Amino acid sequence: MKNKNIIVLGQQDWESAIGSNNINIAREFARDNKVIYVDNALDRKTLHKHKDNVLVKKKLAFVNKKEIGLEEVMPNLWILYPSSIMESVNWLPEGMVYNFINKINNERLAKSIRKAAKQLHFDEFYLFNDCLISKGLHLKELLNPIKYIYYSRDNFSTQPYFQKHAIREERELIAKADLVVANSGQLAQIARKFNKNSHDIGQGCDLSLYDPSKTTIAPEMQKIAKPIIGYTGFLTSLRLDIQLIEHAAISHQDWQIVLIGPEDDTFKASNLHNLPNVHFLGNKNPNDLADYIRAFDVTINPQLVNELTRGNYPRKIDEYLAMGKPVVATKTEFMSYFEAFCYLSTNKINFVAMIEKALNEDSSEKQQKRVEFAHTHSWEKNVEKIYALL
């Protein structure tokens with residue numbers, strides 16, 4: 001596909017600190033097409049709770065001026081800051097009131113998108129939706145795109161926030177899509193129950209930052225003793241097994257467990273903060289993460305096994321492997337895909353044994369094979385599959 005117009009929807013802001021598949025896909029689309037990336041519309045709850053946040057203030061300024069905010073962040077790619085405030089409706093029960101107000105939210109968002117499309121002369125366009133569920137429920141009808149593509153990259157059935165409305169709504173979105181693409185075979189299989197035109201396109205990864213030859217060990221890591229067992233990413237109890245990490249830290253007090261990323265409330269209150277060999281280093285700039293991973297002796301992904309993780313493709317695995325690092329991860333249905341290049345564990349005792357094995361077996365030959373495998377995945381190949389399916 002070349003010289004087309006694409007509007008990209010998603011749950012995450014362009015300025016998201018934890019990165020997003022959606023952002024990477026939008027960048028790749030923009031290589032040969034014109035793209036509008038729709039930032040998360042401001043809602044009343046966010047405005048009330050985070051009114052001093054810089055991004056919230058920026059969005060509110062566009063709302064107060066009653067004008068759309070369009071910023072060109074790279075050639076052919078614009079960020080749209082919608083000019084309306086959304087009503088916070090997720091707490092409402094199913095029924096006419098919820099449906100009525102949520103339809104209003106969709107209409108407000110569609111109005112901002114139409115204005116941006118007109119300003120940039122997007123006379124016709126493709127609509128790509130990365131899991132913007134409630135606020136995106138009616139956008140296909142309201143915007144009338146050439147083709148509507150829904151992107152599935154998470155199983156939301158176990159997440160409390162999505163229990164009330166979004167599970168039902170996502171099924172509706174999948175059913176009405178012209179094409180559904182998923183980043184794992186498991187998610188594609190789930191989507192296929194509601195739309196036969198659902199396909200696994202795998203996971204892309206931007207590995208340009210993860211080149212061992214171009215990284216240096218972050219100064220903060222130089223103060224930590226070896227061996228270092230490390231994790232990077234959102235520290236959320238919905239996905240990660242806190243007890244698994246705790247068991248590893250207590251079983252081997254000579255290991256230094258380094259956890260990098262923002263924490264949810266459960267992690268903040270966990271006993272991990274009381275263990276002297278567990279180091280919480282906080283959130284880091286994505287551009288600097290490779291310098292931290294460079295210092296790890298073993299990387300880990302201690303996932304819980306649940307509906308959320310079973311078919312999930314963790315991008316960090318490719319990032320770890322691209323740095324040549326041994327990876328120890330919980331064995332989930334999807335992680336079997338990485339079995340030839342990762343150490344997969346089935347319980348906390350086995351998890352520790354796998355870390356021991358990874359430390360003992362590492363070699364330059366293994367490191368090179370990990371790097372080569374990681375580089376078989378890229379956003380370019382990912383997006384090429386979307387184009388081919390369209």
# chains A, B, ... in the order shown; residues from 1 in each chain; ligands from 1

call {"tool": "residues_around", "arguments": {"residues": "Thr330 in chain A", "least_positions_apart": "2", "cutoff": "8 Å", "atoms": "only C-alpha atoms", "output": "list in words"}}
result
Asn301, Pro302, Gln303, Leu304, Val305, Val328, Thr332, Met335, Leu344, Ser345, Thr346, Asn347 and Phe351 of chain A

call {"tool": "select_by_dssp", "arguments": {"residues": "range 95-324 of chain A", "states": "strand (DSSP E)", "output": "number ranges by chain"}}
result
A: 126-130, 148-152, 179-182, 198-200, 228-232, 256-260, 278-282, 298-301

call {"tool": "write_last_selection", "arguments": {"atoms": "N, CA and C atoms", "output": "mmCIF file, in the first residue's frame"}}
result
data_model
loop_
_atom_site.group_PDB
_atom_site.id
_atom_site.type_symbol
_atom_site.label_atom_id
_atom_site.label_comp_id
_atom_site.auth_asym_id
_atom_site.auth_seq_id
_atom_site.Cartn_x
_atom_site.Cartn_y
_atom_site.Cartn_z
ATOM 1 N N TYR A 126 -8.486 4.523 5.331
ATOM 2 C CA TYR A 126 -8.611 3.263 6.068
ATOM 3 C C TYR A 126 -8.630 3.595 7.562
ATOM 4 N N LEU A 127 -9.382 2.814 8.330
ATOM 5 C CA LEU A 127 -9.456 3.010 9.780
ATOM 6 C C LEU A 127 -8.881 1.787 10.472
ATOM 7 N N PHE A 128 -7.825 2.004 11.238
ATOM 8 C CA PHE A 128 -7.129 0.916 11.949
ATOM 9 C C PHE A 128 -7.342 1.127 13.447
ATOM 10 N N ASN A 129 -7.999 0.181 14.093
ATOM 11 C CA ASN A 129 -8.356 0.314 15.507
ATOM 12 C C ASN A 129 -7.624 -0.703 16.366
ATOM 13 N N ASP A 130 -6.706 -0.204 17.194
ATOM 14 C CA ASP A 130 -5.977 -1.046 18.145
ATOM 15 C C ASP A 130 -6.685 -0.993 19.501
ATOM 16 N N TYR A 148 -12.243 -1.149 7.404
ATOM 17 C CA TYR A 148 -12.071 -1.016 8.850
ATOM 18 C C TYR A 148 -11.314 -2.230 9.359
ATOM 19 N N ILE A 149 -10.147 -2.004 9.969
ATOM 20 C CA ILE A 149 -9.293 -3.089 10.459
ATOM 21 C C ILE A 149 -9.261 -3.042 11.982
ATOM 22 N N TYR A 150 -9.579 -4.159 12.616
ATOM 23 C CA TYR A 150 -9.478 -4.248 14.081
ATOM 24 C C TYR A 150 -8.245 -5.065 14.436
ATOM 25 N N TYR A 151 -7.449 -4.545 15.394
ATOM 26 C CA TYR A 151 -6.196 -5.191 15.804
ATOM 27 C C TYR A 151 -6.354 -5.740 17.216
ATOM 28 N N SER A 152 -6.227 -7.055 17.364
ATOM 29 C CA SER A 152 -6.352 -7.713 18.664
ATOM 30 C C SER A 152 -4.966 -8.083 19.180
ATOM 31 N N LEU A 179 -11.549 -6.615 8.401
ATOM 32 C CA LEU A 179 -10.378 -7.469 8.606
ATOM 33 C C LEU A 179 -9.984 -7.395 10.069
ATOM 34 N N VAL A 180 -9.678 -8.535 10.665
ATOM 35 C CA VAL A 180 -9.151 -8.581 12.032
ATOM 36 C C VAL A 180 -7.748 -9.163 11.977
ATOM 37 N N VAL A 181 -6.800 -8.462 12.577
ATOM 38 C CA VAL A 181 -5.429 -8.977 12.672
ATOM 39 C C VAL A 181 -5.056 -9.086 14.148
ATOM 40 N N ALA A 182 -4.298 -10.117 14.471
ATOM 41 C CA ALA A 182 -3.910 -10.362 15.863
ATOM 42 C C ALA A 182 -2.422 -10.654 15.923
ATOM 43 N N SER A 198 -10.167 -13.335 10.257
ATOM 44 C CA SER A 198 -9.255 -12.993 11.358
ATOM 45 C C SER A 198 -7.952 -13.749 11.171
ATOM 46 N N HIS A 199 -6.822 -13.032 11.303
ATOM 47 C CA HIS A 199 -5.526 -13.616 10.935
ATOM 48 C C HIS A 199 -4.441 -13.265 11.956
ATOM 49 N N ASP A 200 -3.551 -14.209 12.168
ATOM 50 C CA ASP A 200 -2.363 -13.994 13.004
ATOM 51 C C ASP A 200 -1.274 -13.356 12.143
ATOM 52 N N ILE A 228 23.153 -10.420 37.850
ATOM 53 C CA ILE A 228 21.944 -9.598 37.832
ATOM 54 C C ILE A 228 20.864 -10.307 37.019
ATOM 55 N N ILE A 229 19.719 -10.483 37.658
ATOM 56 C CA ILE A 229 18.553 -11.080 37.010
ATOM 57 C C ILE A 229 17.576 -9.925 36.781
ATOM 58 N N GLY A 230 17.246 -9.611 35.523
ATOM 59 C CA GLY A 230 16.523 -8.383 35.257
ATOM 60 C C GLY A 230 15.226 -8.524 34.497
ATOM 61 N N TYR A 231 14.343 -7.544 34.742
ATOM 62 C CA TYR A 231 13.052 -7.449 34.049
ATOM 63 C C TYR A 231 12.819 -6.001 33.663
ATOM 64 N N THR A 232 12.281 -5.771 32.464
ATOM 65 C CA THR A 232 11.872 -4.424 32.071
ATOM 66 C C THR A 232 10.425 -4.471 31.593
ATOM 67 N N GLN A 256 21.038 -10.566 42.305
ATOM 68 C CA GLN A 256 20.436 -9.232 42.405
ATOM 69 C C GLN A 256 19.290 -9.160 41.395
ATOM 70 N N ILE A 257 18.082 -8.990 41.897
ATOM 71 C CA ILE A 257 16.890 -8.924 41.045
ATOM 72 C C ILE A 257 16.609 -7.451 40.749
ATOM 73 N N VAL A 258 16.709 -7.077 39.496
ATOM 74 C CA VAL A 258 16.499 -5.681 39.091
ATOM 75 C C VAL A 258 15.202 -5.591 38.293
ATOM 76 N N LEU A 259 14.290 -4.729 38.769
ATOM 77 C CA LEU A 259 12.986 -4.548 38.135
ATOM 78 C C LEU A 259 12.860 -3.112 37.648
ATOM 79 N N ILE A 260 12.673 -2.958 36.355
ATOM 80 C CA ILE A 260 12.626 -1.625 35.740
ATOM 81 C C ILE A 260 11.258 -1.406 35.106
ATOM 82 N N VAL A 278 16.511 -7.068 45.948
ATOM 83 C CA VAL A 278 15.550 -6.679 44.915
ATOM 84 C C VAL A 278 15.632 -5.168 44.741
ATOM 85 N N HIS A 279 15.860 -4.734 43.520
ATOM 86 C CA HIS A 279 16.086 -3.313 43.229
ATOM 87 C C HIS A 279 15.013 -2.801 42.266
ATOM 88 N N PHE A 280 14.215 -1.867 42.723
ATOM 89 C CA PHE A 280 13.235 -1.203 41.862
ATOM 90 C C PHE A 280 13.870 0.082 41.345
ATOM 91 N N LEU A 281 14.091 0.160 40.052
ATOM 92 C CA LEU A 281 14.775 1.317 39.480
ATOM 93 C C LEU A 281 13.822 2.308 38.823
ATOM 94 N N GLY A 282 12.508 2.005 38.849
ATOM 95 C CA GLY A 282 11.540 2.941 38.308
ATOM 96 C C GLY A 282 11.455 2.895 36.790
ATOM 97 N N VAL A 298 20.864 -12.523 33.226
ATOM 98 C CA VAL A 298 19.694 -13.285 32.770
ATOM 99 C C VAL A 298 18.493 -12.343 32.773
ATOM 100 N N THR A 299 17.685 -12.421 31.742
ATOM 101 C CA THR A 299 16.453 -11.629 31.701
ATOM 102 C C THR A 299 15.272 -12.542 32.027
ATOM 103 N N ILE A 300 14.229 -11.969 32.600
ATOM 104 C CA ILE A 300 13.093 -12.797 33.015
ATOM 105 C C ILE A 300 11.766 -12.183 32.559
ATOM 106 N N ASN A 301 10.789 -13.049 32.398
ATOM 107 C CA ASN A 301 9.402 -12.640 32.187
ATOM 108 C C ASN A 301 8.520 -13.571 33.025
#

call {"tool": "residues_around", "arguments": {"residues": "range 3-19 of chain A", "least_positions_apart": "6", "cutoff": "8 Å", "atoms": "only C-alpha atoms", "output": "ChimeraX atom specification"}}
result
/A:26,29,32-40,79,122,124-132,136,233-234,283,285-286

call {"tool": "write_last_selection", "arguments": {"atoms": "N, CA and C atoms", "output": "PDB file, in the first residue's frame"}}
result
ATOM      1  N   ALA A  26       1.837   2.641  13.437  1.00  0.00           N
ATOM      2  CA  ALA A  26       1.556   3.934  12.819  1.00  0.00           C
ATOM      3  C   ALA A  26       2.800   4.489  12.129  1.00  0.00           C
ATOM      4  N   PHE A  29       3.265   2.499   8.957  1.00  0.00           N
ATOM      5  CA  PHE A  29       2.292   2.925   7.951  1.00  0.00           C
ATOM      6  C   PHE A  29       2.773   4.194   7.242  1.00  0.00           C
ATOM      7  N   ASP A  32       4.998   4.983   3.768  1.00  0.00           N
ATOM      8  CA  ASP A  32       4.503   5.079   2.391  1.00  0.00           C
ATOM      9  C   ASP A  32       3.098   5.681   2.299  1.00  0.00           C
ATOM     10  N   ASN A  33       2.525   6.067   3.440  1.00  0.00           N
ATOM     11  CA  ASN A  33       1.162   6.578   3.460  1.00  0.00           C
ATOM     12  C   ASN A  33       1.051   7.769   4.409  1.00  0.00           C
ATOM     13  N   LYS A  34      -0.053   8.496   4.325  1.00  0.00           N
ATOM     14  CA  LYS A  34      -0.310   9.601   5.245  1.00  0.00           C
ATOM     15  C   LYS A  34      -1.159   9.071   6.410  1.00  0.00           C
ATOM     16  N   VAL A  35      -0.749   9.408   7.636  1.00  0.00           N
ATOM     17  CA  VAL A  35      -1.358   8.802   8.821  1.00  0.00           C
ATOM     18  C   VAL A  35      -1.767   9.863   9.832  1.00  0.00           C
ATOM     19  N   ILE A  36      -2.972   9.713  10.368  1.00  0.00           N
ATOM     20  CA  ILE A  36      -3.403  10.481  11.549  1.00  0.00           C
ATOM     21  C   ILE A  36      -3.479   9.508  12.718  1.00  0.00           C
ATOM     22  N   TYR A  37      -2.716   9.790  13.767  1.00  0.00           N
ATOM     23  CA  TYR A  37      -2.752   8.976  14.988  1.00  0.00           C
ATOM     24  C   TYR A  37      -3.633   9.721  15.993  1.00  0.00           C
ATOM     25  N   VAL A  38      -4.736   9.119  16.389  1.00  0.00           N
ATOM     26  CA  VAL A  38      -5.686   9.774  17.286  1.00  0.00           C
ATOM     27  C   VAL A  38      -5.283   9.521  18.732  1.00  0.00           C
ATOM     28  N   ASP A  39      -4.844  10.578  19.412  1.00  0.00           N
ATOM     29  CA  ASP A  39      -4.468  10.446  20.814  1.00  0.00           C
ATOM     30  C   ASP A  39      -5.715  10.178  21.649  1.00  0.00           C
ATOM     31  N   ASN A  40      -5.515   9.621  22.829  1.00  0.00           N
ATOM     32  CA  ASN A  40      -6.633   9.333  23.726  1.00  0.00           C
ATOM     33  C   ASN A  40      -7.400  10.610  24.034  1.00  0.00           C
ATOM     34  N   ILE A  79      -0.305  13.746  14.876  1.00  0.00           N
ATOM     35  CA  ILE A  79      -1.030  13.383  16.087  1.00  0.00           C
ATOM     36  C   ILE A  79      -2.254  14.285  16.175  1.00  0.00           C
ATOM     37  N   PHE A 122      -7.918  14.170   3.777  1.00  0.00           N
ATOM     38  CA  PHE A 122      -8.143  12.731   3.762  1.00  0.00           C
ATOM     39  C   PHE A 122      -9.574  12.511   3.235  1.00  0.00           C
ATOM     40  N   GLU A 124     -10.793  10.069   1.574  1.00  0.00           N
ATOM     41  CA  GLU A 124     -11.166   8.700   1.939  1.00  0.00           C
ATOM     42  C   GLU A 124      -9.983   8.080   2.665  1.00  0.00           C
ATOM     43  N   PHE A 125     -10.266   7.134   3.541  1.00  0.00           N
ATOM     44  CA  PHE A 125      -9.192   6.606   4.389  1.00  0.00           C
ATOM     45  C   PHE A 125      -9.532   5.217   4.912  1.00  0.00           C
ATOM     46  N   TYR A 126      -8.486   4.523   5.331  1.00  0.00           N
ATOM     47  CA  TYR A 126      -8.611   3.263   6.068  1.00  0.00           C
ATOM     48  C   TYR A 126      -8.630   3.595   7.562  1.00  0.00           C
ATOM     49  N   LEU A 127      -9.382   2.814   8.330  1.00  0.00           N
ATOM     50  CA  LEU A 127      -9.456   3.010   9.780  1.00  0.00           C
ATOM     51  C   LEU A 127      -8.881   1.787  10.472  1.00  0.00           C
ATOM     52  N   PHE A 128      -7.825   2.004  11.238  1.00  0.00           N
ATOM     53  CA  PHE A 128      -7.129   0.916  11.949  1.00  0.00           C
ATOM     54  C   PHE A 128      -7.342   1.127  13.447  1.00  0.00           C
ATOM     55  N   ASN A 129      -7.999   0.181  14.093  1.00  0.00           N
ATOM     56  CA  ASN A 129      -8.356   0.314  15.507  1.00  0.00           C
ATOM     57  C   ASN A 129      -7.624  -0.703  16.366  1.00  0.00           C
ATOM     58  N   ASP A 130      -6.706  -0.204  17.194  1.00  0.00           N
ATOM     59  CA  ASP A 130      -5.977  -1.046  18.145  1.00  0.00           C
ATOM     60  C   ASP A 130      -6.685  -0.993  19.501  1.00  0.00           C
ATOM     61  N   CYS A 131      -7.754  -1.785  19.623  1.00  0.00           N
ATOM     62  CA  CYS A 131      -8.405  -2.023  20.916  1.00  0.00           C
ATOM     63  C   CYS A 131      -9.011  -0.775  21.566  1.00  0.00           C
ATOM     64  N   LEU A 132      -9.348   0.252  20.795  1.00  0.00           N
ATOM     65  CA  LEU A 132     -10.160   1.336  21.349  1.00  0.00           C
ATOM     66  C   LEU A 132     -11.592   0.841  21.285  1.00  0.00           C
ATOM     67  N   GLY A 136     -14.623   3.541  20.506  1.00  0.00           N
ATOM     68  CA  GLY A 136     -14.522   3.249  19.078  1.00  0.00           C
ATOM     69  C   GLY A 136     -15.639   2.376  18.551  1.00  0.00           C
ATOM     70  N   GLY A 233       9.642  -3.484  31.985  1.00  0.00           N
ATOM     71  CA  GLY A 233       8.245  -3.432  31.549  1.00  0.00           C
ATOM     72  C   GLY A 233       7.330  -3.036  32.688  1.00  0.00           C
ATOM     73  N   PHE A 234       6.059  -2.935  32.392  1.00  0.00           N
ATOM     74  CA  PHE A 234       5.064  -2.551  33.390  1.00  0.00           C
ATOM     75  C   PHE A 234       4.976  -3.636  34.456  1.00  0.00           C
ATOM     76  N   ASN A 283      10.688   3.839  36.257  1.00  0.00           N
ATOM     77  CA  ASN A 283      10.485   3.887  34.800  1.00  0.00           C
ATOM     78  C   ASN A 283      11.684   4.545  34.124  1.00  0.00           C
ATOM     79  N   ASN A 285      13.443   5.919  30.202  1.00  0.00           N
ATOM     80  CA  ASN A 285      13.207   6.291  28.817  1.00  0.00           C
ATOM     81  C   ASN A 285      13.426   5.059  27.935  1.00  0.00           C
ATOM     82  N   PRO A 286      12.479   4.735  27.047  1.00  0.00           N
ATOM     83  CA  PRO A 286      12.652   3.551  26.184  1.00  0.00           C
ATOM     84  C   PRO A 286      13.976   3.556  25.415  1.00  0.00           C
TER      85      PRO A 286
END

call {"tool": "select_by_dssp", "arguments": {"residues": "range 54-140 of chain A", "states": "alpha helix (DSSP H)", "output": "ChimeraX atom specification"}}
result
/A:54-65,96-119,139-140

call {"tool": "residues_around", "arguments": {"residues": "range 210-213 of chain A", "least_positions_apart": "2", "cutoff": "10 Å", "atoms": "only C-alpha atoms", "output": "list in words"}}
result
Asp206, Leu207, Ser208, Thr215, Thr216, Asn287, Asp288, Leu289, Ala290, Asp291, Ile293, Arg294, Asp318, Glu319, Tyr320, Leu321, Ala322, Met323, Gly324, Lys325 and Val371 of chain A
